[in-house]
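Participant: Take this structure first; my questions come after.
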Amino acid sequence: MIVEVEVNGKRHRRDLEPRLLLSDFLRQDLQLTGTHVGCEHGVCGACTVLFDGEPARSCLMLAVQADGHKVGTVEGLAVVNALSPLQAAFREAHALQCGFCTPGFLMTLTAFLRDTPNPGPLEIREALSGNLCRCTGYQHIVEAVSRACGHPRP
Amino acid sequence: MPADTRDRNARVPRNEDARLLTGRARFVDDVRLPDMLHVAFLRSDYAHARLRGVDASAARRRPGVAAVYTAADLGDYSKPAPLLVPPPPIPGLVFHACTHLPLATDKVRHVGEPIAMVVAESRYVAEDALADIVVEAEPLEAVGDLEAALAPGAPRVHDHLESNAAAHVVQRKGDYASARTRADLVIARRLLYDRGAAAAIENRAIVAQWDAPAEELTVWDTTQAPIPIRNGLARMLGLLESQVRVVAPFVGGGFGPKIMMFYPEELLLPWAAMRLGRPLKWTEDRQENFHATTQERGQVHDAEMALTRDGRILGVRDRFLFDTGAYDPYGLTIPINTQCTLLGPYDIQHYDSEFTAVFTNRTLVSPVRGAGRQHGVFVSERLLDIAARELGLDRVEIRKRNLLGPDRFPHDHRILFQDSAPLVYDSGDYLPALEQAADMIGYDAFRRDEQPRARAAGRHVGVGIACYVEGTGIGPYEGARVTVEPGGTVRVATGVGTQGQGHYTVFAQIVAGVLDVEVTAVQVVTGDTREFQWGTGTFASRGAVVAGSACHAAALAVRDKALAVASRLLDMPADRLELAAGRVRVRGSSDAGVALGELAAEANPLRGAVRPGTEPGLEATAYFGPDRGSTASGVHAMIVEVDPETAMVDITRYVVVHDCGRMINPTIVEGQIHGGVAHGIGNAFFEQLVYDDQGQLLNASFMDYLLPTATDVPPIETAHRETPSPFNPVGLKGVGEAGCIPTGALFAQAVEDALHGFGVEITEIPLSPSRLFDLLQRGSRP
Amino acid sequence: MNLSGAFTFAGPRATVWDLLQDPEVLARSLPGTERLTRVGEDRFEGAMTVSVGPVTAARFAVTVALGDKAPPERFTMQIDGRGGVGFTRGTASIALTEPPEGGTLMDYTADVQIGGRIAAVGQRLLESVARAMMRQALDALNRELQARLDAGAGPR
């Protein structure tokens, strides 16, 4: 099946098997391996991408569903070797340890902070609650989000 | 730290983060090689069955399938995996080693045990082909419950053994029986801890590549211990160690099960890659992870504590069963940790501990963060709480009365720890930590004012406070090589891989402190046997302690070399020179001096000779092997509110006071603690692997096995105390597992306190809302 | 998993007995049964497709063996199903009595073991799915019974 999809601003046209998952398409066909797969059933959130700007689980979607749509991945967040403000806040607050779940958090939060520029700590925790992290206990992630919106501490 | 190790920007951000935040960091599943084939495994649906035959002919005929292997195709390679940790030399110890095979032969012993391996052009085709394989199996009664497993006539997991007992160990000190006769009070309880999953967000993955012309095998593996895996693979495949390279690149969380298990997949991919001459990749999916990656925590304790009427512990007796799963390649590390950790920070003179490890038809057990320590803490802390209630003593007070004083170190417990060394506490200062935790949580005011006020208003609030001591940083040894490149970058290579603990930063900080360079100027490589090939791995809270000490020693040697080269170059005695800001200069002068990079170039001349007794370059390798581990400790406290209608528990405050000796990077230490506490909260209230009596796991997905989310984990308040370890030059103690060790005991205590008046006594973990609801309905206090 | 219950058929016991021993009737009545054929005295083989929660349309090869037969009062049914997503094994005991108010009362009790992926991820739903299937099967059998009676195939 011929699929045309725009990923991080770049257009791709491929002939794909209908059963190919969007996560596998990104990771294997486009070699955008920053999107990680942790559960393959839509719970952990590591594979979260922006689908027409909204967070979506790429492990629950087929690549052919992306035909004619825009997909954003973690590789598209930084601008020329500079971390985005959210990425920089993650580093400053030690909001990542193994870093495997981190791309999913960044994509979820990119959409969240666009829609909610000035969230409180409880709102931040709610926003994070669809992504699983086993390393951090979430506290430094909450702190990073606060920093990214200009609050030094939550 | 000693004067030569500066506090190198203690809370500096991590060197590895930029790669991880931009998606550039390479994990094993990101490795992509030309001509690569993909692997899927056919796994047993039965927990226990006799295999009559496996017919893979249809799978082999499927287009896109390159090979299918069953046990019959493995020839001599079908051998039990190695025993990884032989038991310590405890007198009278009985241990039956039964390790797993690469593929099942005559029997399957747990759901998920691999039966056949398919290699195909894509994972999709490989999985299609699994459905073509026909397995003839005769189901057998399975062994589930630990006590039923030991009953006469129980089905046997391993036919050649007389029973399902895998091991029996007794450790004693003093004379518990006679201490008991002097007791005013004996508290005896049955205490339970059930299984949980480690649940790293990254599942396991392996890529294996055989380079036939070079006769070299490269294996990318999500392992916590690449060097032992390299050594074992070389031995089993008949290769030289130098022909095998194992790389553990970025690993997405370890938490224990990614240790050197020699999992079937780890054994088979390299073997098949050599036969097929093409690179192979296998990545575990989440459901496989629930069945095929090791788990932990199933124990049943019958314990008693003998006390005087003023609450002093005379002794403890504990008899427990330990679920080791279908095989026991990791030996007795977990139950011995339990046995040793039960003693905690308390002065327990008489101790009688006996355990039986039990084979069951469940997934294999190996250490998961905490590794049996939380069970010991659960037993001693729960018995103390119950004793305090019986004696009318305050729970903090009864603990204070039993703590080892600061004058009691080193403290020899006269039993053996998991590393075969005597259990000796190196240093500690327990009372101030307990007082600080009580102070931070506002224990007295809560009990005096807040709790009565809340109760009067019909709210059920409770406080808990629990102590633990944790053996960390065990041997045998680790090493590190520090090299100054001519460009000035300092490179550090060590064997312990990282699963998120910040090795690229912490080791850089240690070396940067010694050489007085920027932390960002130190580039660390870990987890690649080509870079460094001596050592064991990242487990038992030992990375920073053992490898960190090796980095420190290697950096000191490089500093001496730099001073020696500069001394020649500047014609100045070395003792008049110093390192400052990446340069060597005359002590106390404002000279620019010579950059370390220039000295490195100077030490590697194109002409002239390297004099006898000297070496080229600014490079040194050093090793560190502690005689025994260092003892970290801590106190956790929490306040909860319980809704008796719904049995939901709201953690309103969580306080951690901990002591891991000298800290290198307090922010990283806090991160380790936060993650550990979250893991502990999961174990205490959300996470339970539910097996039926026939060994079927009933909740093998994140929809049914609940990991704590950001709304389940409270903000955690931390305070650090630093009692340096005398067992290593930097004074370090481990911290990787600390957060989750006392959490179950603490949770039980706080919830029980909140439910004062309901007659609830909590003697089991995990305690799901539905289980707590049951306890509330019927009351559980004896 | 234990399933037990009772169901009253609106018809005589001998006809109910015959229906329960007829693989074609069973194939039509058990939801998801693609076929069921007699391969021996009291032994049937066939295929079934079952959907449980996230496991959709799982196909099982099924063997049914009847035993301990005491017509027309009771028999046992051993069921062994195997498929790509797991297995099911179970024994059902079925007793037929003639209550004073008429019809045929069937008391059944079944002990069913389910394993593999279908158990691991569908567990929350398995029992309700099994009960629903049992209800559908019994209703369908009752309809078969009525059809047979209407066709005059048996004594009323």
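Letters A, B, ... mark the chains of the structure tokens in the order given; residue numbers begin at 1 per chain; ligand numbers begin at 1, in order shown.
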Report as a list of chain:residue names all protein, DNA and RNA residues lying within 12 Å of Asp29 in chain A, evaluated on only C-alpha atoms, omitting residues in the same chain fewer than 6 positions from it.
Facilitator: A:Val7, A:His12, A:Arg13, A:Arg14, A:Asp15, A:Leu16, A:Glu17, A:Leu20, A:Leu21, A:Leu22, A:Ser23, A:Ala63, B:Asp30, B:Arg32
Participant: Could those selected residues go to a file with N, CA, C and O atoms, as a PDB file, in the first residue's frame?
Facilitator:
```pdb
ATOM      1  N   VAL A   7       7.018  13.325   8.354  1.00  0.00           N
ATOM      2  CA  VAL A   7       7.579  13.070   9.681  1.00  0.00           C
ATOM      3  C   VAL A   7       8.623  14.142   9.984  1.00  0.00           C
ATOM      4  O   VAL A   7       9.580  14.305   9.225  1.00  0.00           O
ATOM      5  N   HIS A  12       7.654  11.535   3.288  1.00  0.00           N
ATOM      6  CA  HIS A  12       8.120  10.203   2.893  1.00  0.00           C
ATOM      7  C   HIS A  12       7.008   9.530   2.120  1.00  0.00           C
ATOM      8  O   HIS A  12       5.849   9.616   2.484  1.00  0.00           O
ATOM      9  N   ARG A  13       7.382   8.817   1.040  1.00  0.00           N
ATOM     10  CA  ARG A  13       6.412   8.045   0.276  1.00  0.00           C
ATOM     11  C   ARG A  13       6.933   6.615   0.216  1.00  0.00           C
ATOM     12  O   ARG A  13       8.047   6.369  -0.254  1.00  0.00           O
ATOM     13  N   ARG A  14       6.175   5.678   0.760  1.00  0.00           N
ATOM     14  CA  ARG A  14       6.635   4.284   0.846  1.00  0.00           C
ATOM     15  C   ARG A  14       5.519   3.328   0.474  1.00  0.00           C
ATOM     16  O   ARG A  14       4.348   3.624   0.667  1.00  0.00           O
ATOM     17  N   ASP A  15       5.930   2.166   0.023  1.00  0.00           N
ATOM     18  CA  ASP A  15       4.990   1.074  -0.226  1.00  0.00           C
ATOM     19  C   ASP A  15       5.058   0.153   0.988  1.00  0.00           C
ATOM     20  O   ASP A  15       6.087  -0.478   1.235  1.00  0.00           O
ATOM     21  N   LEU A  16       3.989   0.086   1.768  1.00  0.00           N
ATOM     22  CA  LEU A  16       4.056  -0.597   3.061  1.00  0.00           C
ATOM     23  C   LEU A  16       3.036  -1.733   3.159  1.00  0.00           C
ATOM     24  O   LEU A  16       1.949  -1.660   2.599  1.00  0.00           O
ATOM     25  N   GLU A  17       3.429  -2.750   3.930  1.00  0.00           N
ATOM     26  CA  GLU A  17       2.485  -3.813   4.283  1.00  0.00           C
ATOM     27  C   GLU A  17       1.403  -3.217   5.187  1.00  0.00           C
ATOM     28  O   GLU A  17       1.726  -2.480   6.115  1.00  0.00           O
ATOM     29  N   LEU A  20       1.902  -3.286   9.104  1.00  0.00           N
ATOM     30  CA  LEU A  20       3.077  -2.686   9.749  1.00  0.00           C
ATOM     31  C   LEU A  20       2.645  -1.625  10.773  1.00  0.00           C
ATOM     32  O   LEU A  20       1.870  -0.715  10.453  1.00  0.00           O
ATOM     33  N   LEU A  21       3.151  -1.752  11.995  1.00  0.00           N
ATOM     34  CA  LEU A  21       2.829  -0.763  13.025  1.00  0.00           C
ATOM     35  C   LEU A  21       3.534   0.555  12.720  1.00  0.00           C
ATOM     36  O   LEU A  21       4.643   0.572  12.174  1.00  0.00           O
ATOM     37  N   LEU A  22       2.909   1.645  13.146  1.00  0.00           N
ATOM     38  CA  LEU A  22       3.531   2.954  12.959  1.00  0.00           C
ATOM     39  C   LEU A  22       4.875   3.018  13.699  1.00  0.00           C
ATOM     40  O   LEU A  22       5.856   3.560  13.179  1.00  0.00           O
ATOM     41  N   SER A  23       4.930   2.423  14.896  1.00  0.00           N
ATOM     42  CA  SER A  23       6.189   2.442  15.658  1.00  0.00           C
ATOM     43  C   SER A  23       7.293   1.719  14.884  1.00  0.00           C
ATOM     44  O   SER A  23       8.428   2.192  14.824  1.00  0.00           O
ATOM     45  N   ALA A  63       0.947   1.925  10.289  1.00  0.00           N
ATOM     46  CA  ALA A  63       1.623   2.958   9.500  1.00  0.00           C
ATOM     47  C   ALA A  63       0.692   3.506   8.421  1.00  0.00           C
ATOM     48  O   ALA A  63       0.711   4.706   8.118  1.00  0.00           O
TER      49      ALA A  63
ATOM     50  N   ASP B  30      17.922  -0.603  18.747  1.00  0.00           N
ATOM     51  CA  ASP B  30      18.223   0.378  17.693  1.00  0.00           C
ATOM     52  C   ASP B  30      19.336  -0.111  16.768  1.00  0.00           C
ATOM     53  O   ASP B  30      19.590   0.515  15.734  1.00  0.00           O
ATOM     54  N   ARG B  32      21.086  -1.865  13.926  1.00  0.00           N
ATOM     55  CA  ARG B  32      20.561  -2.300  12.652  1.00  0.00           C
ATOM     56  C   ARG B  32      21.759  -2.653  11.783  1.00  0.00           C
ATOM     57  O   ARG B  32      22.646  -1.834  11.584  1.00  0.00           O
TER      58      ARG B  32
END
```
Participant: What gap, in Å, lies between CA of Arg778 in chain B and CA of Glu127 in chain C?
Facilitator: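 Computing the Euclidean distance for CA of Arg778 in chain B and CA of Glu127 in chain C yields 26.2 Å.
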Participant: With DSSP run on the backbone, what are the strand (DSSP E) residues within range 28-107 of chain A? I'd like them as JSON, numbers by chain.
Facilitator: {"A": [48, 49, 50, 51, 54, 55, 56, 57, 70, 71, 72]}
Participant: With C-alpha atoms retained, export the selected residues as a compact mmCIF listing (two decimals), in the first residue's frame.
Facilitator:
```txt
# COMPACT_ATOMS: atom_id res chain seq x y z
CA THR A 48 4.16 8.42 22.10
CA VAL A 49 4.47 10.60 18.99
CA LEU A 50 2.59 13.68 17.87
CA PHE A 51 -0.01 12.77 15.28
CA GLU A 54 -1.74 15.46 19.29
CA PRO A 55 -0.06 12.75 21.40
CA ALA A 56 -0.72 9.25 20.06
CA ARG A 57 0.60 5.77 20.81
CA LYS A 70 1.91 14.68 10.03
CA VAL A 71 3.93 12.79 12.63
CA GLY A 72 6.32 14.37 15.12
```
Participant: Could you pull out all residues of chain A with a DSSP call of helix (DSSP H, G or I) and give them as a VMD selection string?
Facilitator: chain A and resid 22 to 29 63 to 66 74 to 76 85 to 92 102 to 115 121 to 128 139 to 148
